[in-house]
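J.: The file below is protein35.cif, mmCIF, N, CA and C atoms:
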```cif
data_protein
loop_
_atom_site.label_atom_id
_atom_site.label_comp_id
_atom_site.auth_asym_id
_atom_site.auth_seq_id
_atom_site.Cartn_x
_atom_site.Cartn_y
_atom_site.Cartn_z
N MET E 12 7.54 -26.73 12.96
CA MET E 12 7.07 -25.59 12.19
C MET E 12 8.20 -24.58 12.06
N ALA E 13 8.48 -24.16 10.86
CA ALA E 13 9.56 -23.21 10.60
C ALA E 13 9.10 -21.78 10.87
N ASN E 14 10.04 -20.94 11.28
CA ASN E 14 9.74 -19.52 11.48
C ASN E 14 9.73 -18.79 10.15
N ALA E 15 8.81 -17.87 9.98
CA ALA E 15 8.75 -17.07 8.76
C ALA E 15 9.91 -16.09 8.72
N GLN E 16 10.47 -15.90 7.55
CA GLN E 16 11.57 -14.96 7.36
C GLN E 16 11.12 -13.85 6.42
N PRO E 17 11.42 -12.59 6.76
CA PRO E 17 11.03 -11.51 5.87
C PRO E 17 11.74 -11.60 4.52
N THR E 18 11.01 -11.31 3.46
CA THR E 18 11.58 -11.28 2.12
C THR E 18 12.23 -9.93 1.85
N PHE E 19 11.60 -8.86 2.33
CA PHE E 19 12.14 -7.51 2.19
C PHE E 19 11.55 -6.65 3.29
N GLN E 20 12.19 -5.52 3.54
CA GLN E 20 11.70 -4.55 4.50
C GLN E 20 11.94 -3.17 3.91
N LYS E 21 10.88 -2.39 3.73
CA LYS E 21 10.98 -1.08 3.10
C LYS E 21 10.04 -0.10 3.78
N ILE E 22 10.37 1.16 3.65
CA ILE E 22 9.49 2.24 4.07
C ILE E 22 8.96 2.89 2.81
N TYR E 23 7.64 3.03 2.72
CA TYR E 23 7.00 3.63 1.56
C TYR E 23 6.42 4.97 1.96
N GLY E 24 6.42 5.91 1.02
CA GLY E 24 5.79 7.20 1.27
C GLY E 24 6.79 8.22 1.77
N ASN E 25 6.25 9.25 2.34
CA ASN E 25 7.03 10.38 2.82
C ASN E 25 7.69 10.02 4.15
N THR E 26 8.96 10.25 4.26
CA THR E 26 9.66 9.97 5.51
C THR E 26 9.76 11.20 6.40
N GLY E 27 9.21 12.34 5.95
CA GLY E 27 9.19 13.55 6.76
C GLY E 27 8.08 13.50 7.79
N ASP E 28 7.99 14.52 8.62
CA ASP E 28 7.01 14.50 9.70
C ASP E 28 5.76 15.33 9.40
N ILE E 29 5.59 15.81 8.16
CA ILE E 29 4.44 16.65 7.86
C ILE E 29 3.30 15.89 7.18
N THR E 30 3.53 14.65 6.82
CA THR E 30 2.52 13.87 6.12
C THR E 30 2.00 12.74 7.02
N TYR E 31 0.70 12.57 7.04
CA TYR E 31 0.05 11.50 7.80
C TYR E 31 -0.18 10.33 6.85
N GLU E 32 0.47 9.21 7.09
CA GLU E 32 0.34 8.04 6.23
C GLU E 32 0.22 6.77 7.07
N ASN E 33 -0.69 5.90 6.65
CA ASN E 33 -0.86 4.59 7.29
C ASN E 33 -1.22 3.56 6.25
N GLY E 34 -0.76 2.33 6.45
CA GLY E 34 -1.19 1.20 5.65
C GLY E 34 -2.13 0.36 6.49
N TYR E 35 -3.27 -0.01 5.93
CA TYR E 35 -4.28 -0.75 6.70
C TYR E 35 -4.50 -2.18 6.23
N ASP E 36 -4.22 -2.49 4.98
CA ASP E 36 -4.44 -3.85 4.50
C ASP E 36 -3.43 -4.16 3.41
N VAL E 37 -3.00 -5.41 3.34
CA VAL E 37 -2.08 -5.87 2.31
C VAL E 37 -2.50 -7.26 1.86
N ILE E 38 -2.42 -7.50 0.55
CA ILE E 38 -2.70 -8.84 0.02
C ILE E 38 -1.59 -9.22 -0.94
N GLN E 39 -1.37 -10.51 -1.08
CA GLN E 39 -0.48 -10.98 -2.14
C GLN E 39 -1.32 -11.17 -3.39
N THR E 40 -0.86 -10.64 -4.51
CA THR E 40 -1.61 -10.69 -5.76
C THR E 40 -1.20 -11.90 -6.59
N SER E 41 -1.97 -12.20 -7.61
CA SER E 41 -1.75 -13.40 -8.41
C SER E 41 -0.40 -13.39 -9.14
N ASP E 42 0.20 -12.23 -9.33
CA ASP E 42 1.52 -12.16 -9.97
C ASP E 42 2.67 -12.31 -8.98
N GLY E 43 2.35 -12.58 -7.72
CA GLY E 43 3.35 -12.77 -6.69
C GLY E 43 3.73 -11.50 -5.95
N GLY E 44 3.27 -10.35 -6.45
CA GLY E 44 3.53 -9.07 -5.79
C GLY E 44 2.52 -8.82 -4.68
N TYR E 45 2.39 -7.56 -4.30
CA TYR E 45 1.51 -7.20 -3.20
C TYR E 45 0.75 -5.92 -3.53
N ALA E 46 -0.43 -5.78 -2.98
CA ALA E 46 -1.21 -4.55 -3.04
C ALA E 46 -1.43 -4.08 -1.61
N VAL E 47 -1.17 -2.81 -1.37
CA VAL E 47 -1.30 -2.22 -0.04
C VAL E 47 -2.24 -1.04 -0.16
N VAL E 48 -3.19 -0.94 0.77
CA VAL E 48 -4.12 0.18 0.79
C VAL E 48 -4.03 0.85 2.15
N GLY E 49 -4.21 2.16 2.13
CA GLY E 49 -4.17 2.92 3.37
C GLY E 49 -4.63 4.34 3.13
N GLY E 50 -3.99 5.26 3.85
CA GLY E 50 -4.35 6.65 3.72
C GLY E 50 -3.12 7.54 3.74
N GLN E 51 -3.20 8.60 2.97
CA GLN E 51 -2.15 9.61 2.94
C GLN E 51 -2.84 10.95 3.09
N ASN E 52 -2.57 11.66 4.19
CA ASN E 52 -3.24 12.92 4.48
C ASN E 52 -4.76 12.77 4.41
N SER E 53 -5.26 11.66 4.92
CA SER E 53 -6.70 11.34 5.00
C SER E 53 -7.35 11.19 3.63
N HIS E 54 -6.61 10.72 2.64
CA HIS E 54 -7.13 10.36 1.33
C HIS E 54 -6.72 8.93 1.05
N PRO E 55 -7.61 8.11 0.47
CA PRO E 55 -7.25 6.73 0.15
C PRO E 55 -6.03 6.67 -0.77
N TYR E 56 -5.19 5.68 -0.52
CA TYR E 56 -3.94 5.52 -1.26
C TYR E 56 -3.74 4.04 -1.53
N LEU E 57 -3.43 3.69 -2.78
CA LEU E 57 -3.21 2.30 -3.17
C LEU E 57 -1.81 2.16 -3.75
N LEU E 58 -1.11 1.13 -3.34
CA LEU E 58 0.28 0.90 -3.73
C LEU E 58 0.42 -0.53 -4.23
N LYS E 59 0.99 -0.71 -5.42
CA LYS E 59 1.26 -2.05 -5.97
C LYS E 59 2.76 -2.24 -5.99
N ILE E 60 3.24 -3.31 -5.37
CA ILE E 60 4.68 -3.55 -5.30
C ILE E 60 5.02 -4.94 -5.83
N LYS E 61 6.27 -5.06 -6.32
CA LYS E 61 6.78 -6.33 -6.84
C LYS E 61 7.12 -7.26 -5.68
N THR E 62 7.49 -8.49 -6.00
CA THR E 62 7.85 -9.47 -4.98
C THR E 62 9.06 -9.04 -4.16
N ASN E 63 9.95 -8.22 -4.73
CA ASN E 63 11.13 -7.75 -4.00
C ASN E 63 10.89 -6.44 -3.26
N GLY E 64 9.67 -5.90 -3.35
CA GLY E 64 9.33 -4.67 -2.64
C GLY E 64 9.41 -3.40 -3.46
N ASP E 65 9.92 -3.48 -4.69
CA ASP E 65 9.98 -2.29 -5.54
C ASP E 65 8.58 -1.86 -5.96
N THR E 66 8.35 -0.56 -6.00
CA THR E 66 7.04 -0.02 -6.36
C THR E 66 6.78 -0.16 -7.85
N LEU E 67 5.62 -0.73 -8.21
CA LEU E 67 5.18 -0.79 -9.61
C LEU E 67 4.36 0.45 -9.96
N TRP E 68 3.38 0.78 -9.12
CA TRP E 68 2.56 1.96 -9.33
C TRP E 68 1.85 2.34 -8.04
N THR E 69 1.36 3.58 -8.01
CA THR E 69 0.60 4.08 -6.87
C THR E 69 -0.62 4.85 -7.38
N ARG E 70 -1.64 4.93 -6.56
CA ARG E 70 -2.83 5.73 -6.86
C ARG E 70 -3.21 6.50 -5.60
N ASP E 71 -3.33 7.81 -5.75
CA ASP E 71 -3.75 8.68 -4.66
C ASP E 71 -5.12 9.23 -5.02
N TYR E 72 -6.13 8.91 -4.23
CA TYR E 72 -7.50 9.34 -4.50
C TYR E 72 -7.80 10.62 -3.73
N THR E 73 -7.10 11.69 -4.09
CA THR E 73 -7.12 12.95 -3.35
C THR E 73 -8.49 13.61 -3.30
N ASN E 74 -9.29 13.52 -4.32
CA ASN E 74 -10.57 14.22 -4.36
C ASN E 74 -11.71 13.46 -3.71
N SER E 75 -11.40 12.49 -2.86
CA SER E 75 -12.46 11.66 -2.28
C SER E 75 -12.93 12.18 -0.92
N GLY E 76 -12.48 13.33 -0.48
CA GLY E 76 -12.89 13.85 0.82
C GLY E 76 -12.05 13.27 1.95
N TRP E 77 -12.52 13.38 3.15
CA TRP E 77 -11.81 12.95 4.34
C TRP E 77 -12.08 11.46 4.57
N SER E 78 -11.19 10.60 4.07
CA SER E 78 -11.40 9.17 4.20
C SER E 78 -10.08 8.44 4.02
N ASN E 79 -10.07 7.16 4.26
CA ASN E 79 -8.91 6.29 4.05
C ASN E 79 -9.37 5.00 3.39
N GLY E 80 -8.43 4.24 2.86
CA GLY E 80 -8.74 2.91 2.36
C GLY E 80 -8.40 1.89 3.43
N TYR E 81 -9.30 1.00 3.75
CA TYR E 81 -9.09 0.06 4.84
C TYR E 81 -9.02 -1.39 4.40
N SER E 82 -9.41 -1.69 3.16
CA SER E 82 -9.41 -3.07 2.70
C SER E 82 -9.15 -3.09 1.22
N VAL E 83 -8.43 -4.14 0.76
CA VAL E 83 -8.12 -4.28 -0.66
C VAL E 83 -8.38 -5.72 -1.08
N ARG E 84 -8.91 -5.89 -2.28
CA ARG E 84 -9.18 -7.22 -2.85
C ARG E 84 -8.78 -7.19 -4.30
N GLN E 85 -8.28 -8.31 -4.80
CA GLN E 85 -7.95 -8.42 -6.21
C GLN E 85 -9.18 -8.86 -6.97
N THR E 86 -9.37 -8.26 -8.16
CA THR E 86 -10.47 -8.64 -9.03
C THR E 86 -9.93 -9.31 -10.28
N THR E 87 -10.79 -9.89 -11.07
CA THR E 87 -10.34 -10.59 -12.27
C THR E 87 -9.92 -9.65 -13.38
N ASP E 88 -10.30 -8.39 -13.32
CA ASP E 88 -9.92 -7.43 -14.36
C ASP E 88 -8.78 -6.56 -13.90
#
```
As structure tokens, how would this structure be written, given the file I've shared?
T.:
Amino acid sequence: MANAQPTFQKIYGNTGDITYENGYDVIQTSDGGYAVVGGQNSHPYLLKIKTNGDTLWTRDYTNSGWSNGYSVRQTTD
């Protein structure tokens, strides 16, 4: 059995110490990229990245109250 090798390693989000950020779930999407969900300052945050780790788009659900995103699934639409 071969050992897995990382394809890329990146830090996403704020690198300062004033923002609370966590990633809780990641999936590989049908286009070969990845979707990551978590929380930023206790608001759900969704990140879509390419196969090389470059960011395609982000969504910050700031008006959702005190919560985080803990799971992500791809849909057909």
J.: Could you tell me, as a list in words, which residues have any atom at most 12 Å from (-2.2, -9.8, -2.2), counting only C-alpha atoms?
T.: Asp36, Val37, Ile38, Gln39, Thr40, Ser41, Asp42, Gly43, Gly44, Tyr45, Ala46, Val47, Val48, Leu58, Lys59, Ile60, Lys61, Thr62, Ser82, Val83, Arg84, Gln85 and Thr86 of chain E
J.: Just how far from atom C of Gly64 in chain E is CA of Pro17 in chain E, in Å to one decimal?
T.: 12.5 Å
J.: For atom N of Gly50 in chain E and atom C of Asn14 in chain E, determine how far apart the two atoms are, in Å to one decimal place.
T.: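 Value for the atom N of Gly50 in chain E-atom C of Asn14 in chain E distance: 28.4 Å.
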J.: Can you list every residue in chain E that DSSP puts in strand (DSSP E), as a compact mmCIF listing (two decimals) with N, CA and C atoms, keeping the file's coordinate frame?
T.:
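Wrote result_16.txt, looks like this:
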```txt
# COMPACT_ATOMS: atom_id res chain seq x y z
N GLU E 32 0.47 9.21 7.09
CA GLU E 32 0.34 8.04 6.23
C GLU E 32 0.22 6.77 7.07
N ASN E 33 -0.69 5.90 6.65
CA ASN E 33 -0.86 4.59 7.29
C ASN E 33 -1.22 3.56 6.25
N GLY E 34 -0.76 2.33 6.45
CA GLY E 34 -1.19 1.20 5.65
C GLY E 34 -2.13 0.36 6.49
N TYR E 35 -3.27 -0.01 5.93
CA TYR E 35 -4.28 -0.75 6.70
C TYR E 35 -4.50 -2.18 6.23
N ASP E 36 -4.22 -2.49 4.98
CA ASP E 36 -4.44 -3.85 4.50
C ASP E 36 -3.43 -4.16 3.41
N VAL E 37 -3.00 -5.41 3.34
CA VAL E 37 -2.08 -5.87 2.31
C VAL E 37 -2.50 -7.26 1.86
N ILE E 38 -2.42 -7.50 0.55
CA ILE E 38 -2.70 -8.84 0.02
C ILE E 38 -1.59 -9.22 -0.94
N GLN E 39 -1.37 -10.51 -1.08
CA GLN E 39 -0.48 -10.98 -2.14
C GLN E 39 -1.32 -11.17 -3.39
N TYR E 45 2.39 -7.56 -4.30
CA TYR E 45 1.51 -7.20 -3.20
C TYR E 45 0.75 -5.92 -3.53
N ALA E 46 -0.43 -5.78 -2.98
CA ALA E 46 -1.21 -4.55 -3.04
C ALA E 46 -1.43 -4.08 -1.61
N VAL E 47 -1.17 -2.81 -1.37
CA VAL E 47 -1.30 -2.22 -0.04
C VAL E 47 -2.24 -1.04 -0.16
N VAL E 48 -3.19 -0.94 0.77
CA VAL E 48 -4.12 0.18 0.79
C VAL E 48 -4.03 0.85 2.15
N GLY E 49 -4.21 2.16 2.13
CA GLY E 49 -4.17 2.92 3.37
C GLY E 49 -4.63 4.34 3.13
N GLY E 50 -3.99 5.26 3.85
CA GLY E 50 -4.35 6.65 3.72
C GLY E 50 -3.12 7.54 3.74
N GLN E 51 -3.20 8.60 2.97
CA GLN E 51 -2.15 9.61 2.94
C GLN E 51 -2.84 10.95 3.09
N HIS E 54 -6.61 10.72 2.64
CA HIS E 54 -7.13 10.36 1.33
C HIS E 54 -6.72 8.93 1.05
N PRO E 55 -7.61 8.11 0.47
CA PRO E 55 -7.25 6.73 0.15
C PRO E 55 -6.03 6.67 -0.77
N TYR E 56 -5.19 5.68 -0.52
CA TYR E 56 -3.94 5.52 -1.26
C TYR E 56 -3.74 4.04 -1.53
N LEU E 57 -3.43 3.69 -2.78
CA LEU E 57 -3.21 2.30 -3.17
C LEU E 57 -1.81 2.16 -3.75
N LEU E 58 -1.11 1.13 -3.34
CA LEU E 58 0.28 0.90 -3.73
C LEU E 58 0.42 -0.53 -4.23
N LYS E 59 0.99 -0.71 -5.42
CA LYS E 59 1.26 -2.05 -5.97
C LYS E 59 2.76 -2.24 -5.99
N ILE E 60 3.24 -3.31 -5.37
CA ILE E 60 4.68 -3.55 -5.30
C ILE E 60 5.02 -4.94 -5.83
N THR E 66 8.35 -0.56 -6.00
CA THR E 66 7.04 -0.02 -6.36
C THR E 66 6.78 -0.16 -7.85
N LEU E 67 5.62 -0.73 -8.21
CA LEU E 67 5.18 -0.79 -9.61
C LEU E 67 4.36 0.45 -9.96
N TRP E 68 3.38 0.78 -9.12
CA TRP E 68 2.56 1.96 -9.33
C TRP E 68 1.85 2.34 -8.04
N THR E 69 1.36 3.58 -8.01
CA THR E 69 0.60 4.08 -6.87
C THR E 69 -0.62 4.85 -7.38
N ARG E 70 -1.64 4.93 -6.56
CA ARG E 70 -2.83 5.73 -6.86
C ARG E 70 -3.21 6.50 -5.60
N ASP E 71 -3.33 7.81 -5.75
CA ASP E 71 -3.75 8.68 -4.66
C ASP E 71 -5.12 9.23 -5.02
```
J.: Pull out every residue that the PyMOL selection byres ((chain E and resi 32) around 5) matches in the shown coordinates and put them as a PyMOL selection string.
T.: chain E and resi 30-31+33-34+50-52
J.: Save out the residues we just selected, N, CA and C atoms, as a PDB file, in the frame of the given file.
T.:
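Just written: again33.pdb:
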```pdb
ATOM      1  N   THR E  30       3.530  14.650   6.820  1.00  0.00           N
ATOM      2  CA  THR E  30       2.520  13.870   6.120  1.00  0.00           C
ATOM      3  C   THR E  30       2.000  12.740   7.020  1.00  0.00           C
ATOM      4  N   TYR E  31       0.700  12.570   7.040  1.00  0.00           N
ATOM      5  CA  TYR E  31       0.050  11.500   7.800  1.00  0.00           C
ATOM      6  C   TYR E  31      -0.180  10.330   6.850  1.00  0.00           C
ATOM      7  N   ASN E  33      -0.690   5.900   6.650  1.00  0.00           N
ATOM      8  CA  ASN E  33      -0.860   4.590   7.290  1.00  0.00           C
ATOM      9  C   ASN E  33      -1.220   3.560   6.250  1.00  0.00           C
ATOM     10  N   GLY E  34      -0.760   2.330   6.450  1.00  0.00           N
ATOM     11  CA  GLY E  34      -1.190   1.200   5.650  1.00  0.00           C
ATOM     12  C   GLY E  34      -2.130   0.360   6.490  1.00  0.00           C
ATOM     13  N   GLY E  50      -3.990   5.260   3.850  1.00  0.00           N
ATOM     14  CA  GLY E  50      -4.350   6.650   3.720  1.00  0.00           C
ATOM     15  C   GLY E  50      -3.120   7.540   3.740  1.00  0.00           C
ATOM     16  N   GLN E  51      -3.200   8.600   2.970  1.00  0.00           N
ATOM     17  CA  GLN E  51      -2.150   9.610   2.940  1.00  0.00           C
ATOM     18  C   GLN E  51      -2.840  10.950   3.090  1.00  0.00           C
ATOM     19  N   ASN E  52      -2.570  11.660   4.190  1.00  0.00           N
ATOM     20  CA  ASN E  52      -3.240  12.920   4.480  1.00  0.00           C
ATOM     21  C   ASN E  52      -4.760  12.770   4.410  1.00  0.00           C
TER      22      ASN E  52
END
```
J.: Is there a way to complete range 45-65 of chain E with N, CA, C and O atoms and then write that out as a PDB file, keeping the file's coordinate frame?
T.:
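Listed below is the output, part-v5.pdb:
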```
ATOM      1  N   TYR E  45       2.390  -7.560  -4.300  1.00  0.00           N
ATOM      2  CA  TYR E  45       1.510  -7.200  -3.200  1.00  0.00           C
ATOM      3  C   TYR E  45       0.750  -5.920  -3.530  1.00  0.00           C
ATOM      4  O   TYR E  45       1.236  -5.070  -4.274  1.00  0.00           O
ATOM      5  N   ALA E  46      -0.430  -5.780  -2.980  1.00  0.00           N
ATOM      6  CA  ALA E  46      -1.210  -4.550  -3.040  1.00  0.00           C
ATOM      7  C   ALA E  46      -1.430  -4.080  -1.610  1.00  0.00           C
ATOM      8  O   ALA E  46      -1.791  -4.878  -0.742  1.00  0.00           O
ATOM      9  N   VAL E  47      -1.170  -2.810  -1.370  1.00  0.00           N
ATOM     10  CA  VAL E  47      -1.300  -2.220  -0.040  1.00  0.00           C
ATOM     11  C   VAL E  47      -2.240  -1.040  -0.160  1.00  0.00           C
ATOM     12  O   VAL E  47      -2.132  -0.222  -1.069  1.00  0.00           O
ATOM     13  N   VAL E  48      -3.190  -0.940   0.770  1.00  0.00           N
ATOM     14  CA  VAL E  48      -4.120   0.180   0.790  1.00  0.00           C
ATOM     15  C   VAL E  48      -4.030   0.850   2.150  1.00  0.00           C
ATOM     16  O   VAL E  48      -3.763   0.213   3.169  1.00  0.00           O
ATOM     17  N   GLY E  49      -4.210   2.160   2.130  1.00  0.00           N
ATOM     18  CA  GLY E  49      -4.170   2.920   3.370  1.00  0.00           C
ATOM     19  C   GLY E  49      -4.630   4.340   3.130  1.00  0.00           C
ATOM     20  O   GLY E  49      -5.487   4.586   2.294  1.00  0.00           O
ATOM     21  N   GLY E  50      -3.990   5.260   3.850  1.00  0.00           N
ATOM     22  CA  GLY E  50      -4.350   6.650   3.720  1.00  0.00           C
ATOM     23  C   GLY E  50      -3.120   7.540   3.740  1.00  0.00           C
ATOM     24  O   GLY E  50      -2.128   7.240   4.397  1.00  0.00           O
ATOM     25  N   GLN E  51      -3.200   8.600   2.970  1.00  0.00           N
ATOM     26  CA  GLN E  51      -2.150   9.610   2.940  1.00  0.00           C
ATOM     27  C   GLN E  51      -2.840  10.950   3.090  1.00  0.00           C
ATOM     28  O   GLN E  51      -3.633  11.355   2.231  1.00  0.00           O
ATOM     29  N   ASN E  52      -2.570  11.660   4.190  1.00  0.00           N
ATOM     30  CA  ASN E  52      -3.240  12.920   4.480  1.00  0.00           C
ATOM     31  C   ASN E  52      -4.760  12.770   4.410  1.00  0.00           C
ATOM     32  O   ASN E  52      -5.460  13.602   3.863  1.00  0.00           O
ATOM     33  N   SER E  53      -5.260  11.660   4.920  1.00  0.00           N
ATOM     34  CA  SER E  53      -6.700  11.340   5.000  1.00  0.00           C
ATOM     35  C   SER E  53      -7.350  11.190   3.630  1.00  0.00           C
ATOM     36  O   SER E  53      -8.532  11.498   3.459  1.00  0.00           O
ATOM     37  N   HIS E  54      -6.610  10.720   2.640  1.00  0.00           N
ATOM     38  CA  HIS E  54      -7.130  10.360   1.330  1.00  0.00           C
ATOM     39  C   HIS E  54      -6.720   8.930   1.050  1.00  0.00           C
ATOM     40  O   HIS E  54      -5.602   8.533   1.348  1.00  0.00           O
ATOM     41  N   PRO E  55      -7.610   8.110   0.470  1.00  0.00           N
ATOM     42  CA  PRO E  55      -7.250   6.730   0.150  1.00  0.00           C
ATOM     43  C   PRO E  55      -6.030   6.670  -0.770  1.00  0.00           C
ATOM     44  O   PRO E  55      -5.876   7.504  -1.667  1.00  0.00           O
ATOM     45  N   TYR E  56      -5.190   5.680  -0.520  1.00  0.00           N
ATOM     46  CA  TYR E  56      -3.940   5.520  -1.260  1.00  0.00           C
ATOM     47  C   TYR E  56      -3.740   4.040  -1.530  1.00  0.00           C
ATOM     48  O   TYR E  56      -3.873   3.222  -0.632  1.00  0.00           O
ATOM     49  N   LEU E  57      -3.430   3.690  -2.780  1.00  0.00           N
ATOM     50  CA  LEU E  57      -3.210   2.300  -3.170  1.00  0.00           C
ATOM     51  C   LEU E  57      -1.810   2.160  -3.750  1.00  0.00           C
ATOM     52  O   LEU E  57      -1.386   2.991  -4.554  1.00  0.00           O
ATOM     53  N   LEU E  58      -1.110   1.130  -3.340  1.00  0.00           N
ATOM     54  CA  LEU E  58       0.280   0.900  -3.730  1.00  0.00           C
ATOM     55  C   LEU E  58       0.420  -0.530  -4.230  1.00  0.00           C
ATOM     56  O   LEU E  58      -0.030  -1.462  -3.578  1.00  0.00           O
ATOM     57  N   LYS E  59       0.990  -0.710  -5.420  1.00  0.00           N
ATOM     58  CA  LYS E  59       1.260  -2.050  -5.970  1.00  0.00           C
ATOM     59  C   LYS E  59       2.760  -2.240  -5.990  1.00  0.00           C
ATOM     60  O   LYS E  59       3.504  -1.419  -6.541  1.00  0.00           O
ATOM     61  N   ILE E  60       3.240  -3.310  -5.370  1.00  0.00           N
ATOM     62  CA  ILE E  60       4.680  -3.550  -5.300  1.00  0.00           C
ATOM     63  C   ILE E  60       5.020  -4.940  -5.830  1.00  0.00           C
ATOM     64  O   ILE E  60       4.201  -5.849  -5.831  1.00  0.00           O
ATOM     65  N   LYS E  61       6.270  -5.060  -6.320  1.00  0.00           N
ATOM     66  CA  LYS E  61       6.780  -6.330  -6.840  1.00  0.00           C
ATOM     67  C   LYS E  61       7.120  -7.260  -5.680  1.00  0.00           C
ATOM     68  O   LYS E  61       7.102  -6.879  -4.513  1.00  0.00           O
ATOM     69  N   THR E  62       7.490  -8.490  -6.000  1.00  0.00           N
ATOM     70  CA  THR E  62       7.850  -9.470  -4.980  1.00  0.00           C
ATOM     71  C   THR E  62       9.060  -9.040  -4.160  1.00  0.00           C
ATOM     72  O   THR E  62       9.195  -9.425  -3.015  1.00  0.00           O
ATOM     73  N   ASN E  63       9.950  -8.220  -4.730  1.00  0.00           N
ATOM     74  CA  ASN E  63      11.130  -7.750  -4.000  1.00  0.00           C
ATOM     75  C   ASN E  63      10.890  -6.440  -3.260  1.00  0.00           C
ATOM     76  O   ASN E  63      11.798  -5.898  -2.643  1.00  0.00           O
ATOM     77  N   GLY E  64       9.670  -5.900  -3.350  1.00  0.00           N
ATOM     78  CA  GLY E  64       9.330  -4.670  -2.640  1.00  0.00           C
ATOM     79  C   GLY E  64       9.410  -3.400  -3.460  1.00  0.00           C
ATOM     80  O   GLY E  64       9.029  -2.341  -2.984  1.00  0.00           O
ATOM     81  N   ASP E  65       9.920  -3.480  -4.690  1.00  0.00           N
ATOM     82  CA  ASP E  65       9.980  -2.290  -5.540  1.00  0.00           C
ATOM     83  C   ASP E  65       8.580  -1.860  -5.960  1.00  0.00           C
ATOM     84  O   ASP E  65       7.724  -2.687  -6.264  1.00  0.00           O
TER      85      ASP E  65
END
```
